[in-house]
>>> print(open('start38.txt').read())   # compact mmCIF, C-alpha atoms
# COMPACT_ATOMS: atom_id res chain seq x y z
CA MET A 283 96.95 104.48 102.74
CA SER A 284 98.16 102.89 99.51
CA ILE A 285 99.26 99.24 99.42
CA ILE A 286 102.79 100.27 98.35
CA ALA A 287 104.20 103.16 100.37
CA ASN A 288 105.05 106.33 98.47
CA THR A 289 108.46 107.03 99.97
CA PRO A 290 110.73 110.01 99.28
CA LYS A 291 114.06 109.96 97.51
CA PRO A 292 116.58 107.96 99.60
CA PRO A 293 118.24 107.82 101.98
CA TYR A 294 115.66 106.87 104.59
CA PHE A 295 115.23 103.91 106.94
CA ALA A 296 113.09 100.77 106.97
CA VAL A 297 111.97 98.83 110.03
CA ILE A 298 111.18 95.28 108.96
CA PHE A 299 109.02 93.41 111.46
CA THR A 300 108.57 89.70 110.73
CA SER A 301 106.37 87.56 112.98
CA THR A 302 104.49 84.34 113.49
CA HIS A 303 101.35 84.37 115.58
CA THR A 304 99.99 82.23 118.36
CA LYS A 305 96.55 80.69 117.92
CA GLY A 306 93.65 82.93 118.81
CA GLY A 307 95.08 86.42 118.63
CA HIS A 308 92.15 88.02 120.43
CA GLY A 309 92.32 91.78 120.01
CA TYR A 310 95.33 91.69 117.66
CA ASP A 311 93.61 93.17 114.59
CA ALA A 312 92.18 96.11 116.53
CA MET A 313 95.54 96.83 118.16
CA SER A 314 97.34 96.53 114.84
CA ASP A 315 94.97 99.05 113.24
CA LYS A 316 95.44 101.38 116.20
CA MET A 317 99.24 101.17 115.91
CA VAL A 318 99.12 101.95 112.18
CA ASP A 319 96.96 105.01 112.90
CA LEU A 320 99.30 106.09 115.70
CA ALA A 321 102.48 105.52 113.66
CA GLN A 322 101.13 107.77 110.91
CA LEU A 323 101.01 110.63 113.42
CA GLN A 324 104.65 110.23 114.49
CA PRO A 325 107.28 112.71 113.26
CA GLY A 326 109.48 111.12 110.63
CA PHE A 327 106.97 108.42 109.59
CA LEU A 328 107.05 107.96 105.80
CA GLY A 329 104.81 104.98 105.09
CA LEU A 330 104.03 101.34 105.74
CA GLU A 331 103.54 98.08 103.85
CA SER A 332 102.20 94.88 105.36
CA ALA A 333 101.39 91.31 104.32
CA HIS A 334 100.13 88.47 106.50
CA GLU A 335 99.86 84.77 105.79
CA SER A 336 101.65 82.11 107.84
CA VAL A 337 104.36 84.73 108.41
CA GLY A 338 103.51 88.39 108.86
CA ILE A 339 105.81 91.04 107.44
CA THR A 340 105.34 94.73 108.10
CA VAL A 341 107.81 97.29 106.78
CA SER A 342 107.57 100.82 108.08
CA TYR A 343 109.62 103.64 106.58
CA TRP A 344 111.17 106.46 108.58
CA ALA A 345 113.10 109.63 107.83
CA ASP A 346 115.88 108.90 110.32
CA LEU A 347 117.00 106.70 113.21
CA ALA A 348 115.81 109.24 115.81
CA SER A 349 112.24 108.89 114.51
CA ILE A 350 112.46 105.11 114.87
CA THR A 351 113.79 105.48 118.42
CA HIS A 352 110.91 107.81 119.35
CA TRP A 353 108.35 105.39 117.88
CA LYS A 354 109.84 102.45 119.78
CA ALA A 355 109.57 104.47 123.02
CA ASN A 356 105.96 105.62 122.45
CA VAL A 357 103.94 104.57 125.51
CA GLU A 358 101.00 103.16 123.56
CA HIS A 359 103.40 101.31 121.27
CA LEU A 360 105.25 99.90 124.31
CA ASN A 361 101.92 98.59 125.65
CA ALA A 362 101.16 96.95 122.27
CA GLN A 363 104.64 95.39 122.23
CA ALA A 364 104.06 93.92 125.69
CA MET A 365 100.74 92.44 124.54
CA GLY A 366 102.48 90.99 121.48
CA HIS A 367 105.18 89.38 123.60
CA SER A 368 102.70 87.86 126.04
CA SER A 369 99.74 87.01 123.81
CA TRP A 370 100.08 87.34 120.05
CA TYR A 371 103.54 86.34 118.81
CA SER A 372 105.15 82.92 118.91
CA SER A 373 108.23 84.49 117.30
CA PHE A 374 109.30 87.78 115.79
CA LYS A 375 112.33 89.59 114.44
CA VAL A 376 112.96 93.31 113.95
CA ARG A 377 115.48 94.50 111.41
CA ILE A 378 116.42 98.12 110.74
CA ALA A 379 117.98 99.00 107.41
CA LYS A 380 119.08 102.14 105.62
CA VAL A 381 117.49 102.44 102.19
CA GLU A 382 120.06 103.87 99.83
CA ARG A 383 118.30 103.19 96.55
CA ASP A 384 114.77 102.47 95.40
CA TYR A 385 113.01 102.18 92.07
CA GLY A 386 109.81 100.73 90.75
CA LEU A 387 106.87 100.78 88.38
CA SER A 388 103.44 102.25 88.90
CA ILE A 389 100.78 101.78 86.23
>>> encode(input="start38.txt", output="structure tokens")
Amino acid sequence: MSIIANTPKPPYFAVIFTSTHTKGGHGYDAMSDKMVDLAQLQPGFLGLESAHESVGITVSYWADLASITHWKANVEHLNAQAMGHSSWYSSFKVRIAKVERDYGLSI
């Protein structure tokens, strides 16, 4: 997967997940990789971008709100969310936005 997601012509949707982590984070990286692999298999998934320092930001792109709803309800994803709530995150925020315009540069 490329560092910058190759998304289609808008409109589409973005799920912006911002988080801070607890100390330790045992098993987080493996679960995160598993969730990326699983998300890529979901209908309506368009791409993902992620950066992690003191604050982690992951933006996933989706064709429509129904695809986001199905991903949120995925059983394996629900299990990962529960682990995040109990073990990995000291805080997080989820924002869902409709992308109406995009542009960029690729050299």
>>> atom_distance(input="start38.txt", atom1="atom CA of A:Thr289", atom2="atom CA of A:Met317")
19.3 Å
>>> residues_around(input="start38.txt", residues="stretch 358-366 of chain A", least_positions_apart="2", cutoff="12 Å", atoms="only C-alpha atoms", output="PyMOL selection string")
chain A and resi 299+301-304+307-321+324+350-356+368-374+376
>>> atom_distance(input="start38.txt", atom1="atom CA of A:Ile285", atom2="atom CA of A:Val337")
17.8 Å
>>> residues_near_point(input="start38.txt", point="(115.5, 99.7, 110.1)", cutoff="7 Å", atoms="all atoms listed in the file", output="PyMOL selection string")
chain A and resi 295-298+377-380
>>> write_last_selection(input="start38.txt", atoms="C-alpha atoms", output="CSV table (one decimal), in the coordinates of the input")
chain,number,residue,atom,x,y,z
A,295,PHE,CA,115.2,103.9,106.9
A,296,ALA,CA,113.1,100.8,107.0
A,297,VAL,CA,112.0,98.8,110.0
A,298,ILE,CA,111.2,95.3,109.0
A,377,ARG,CA,115.5,94.5,111.4
A,378,ILE,CA,116.4,98.1,110.7
A,379,ALA,CA,118.0,99.0,107.4
A,380,LYS,CA,119.1,102.1,105.6
>>> closest_residue(input="start38.txt", among="A:Ile286, A:Lys375, A:Ser388, A:His367", to="A:Gly329", atoms="all atoms listed in the file")
A:Ile286
>>> atom_distance(input="start38.txt", atom1="atom CA of A:Gln322", atom2="atom CA of A:Asp384")
21.3 Å
>>> closest_residue(input="start38.txt", among="A:Ile389, A:Val357, A:Leu323, A:Ala287", to="A:Val341", atoms="only C-alpha atoms")
A:Ala287
>>> closest_residue(input="start38.txt", among="A:Tyr294, A:Ser349, A:Ser284, A:Thr300", to="A:Ser336", atoms="all atoms listed in the file")
A:Thr300
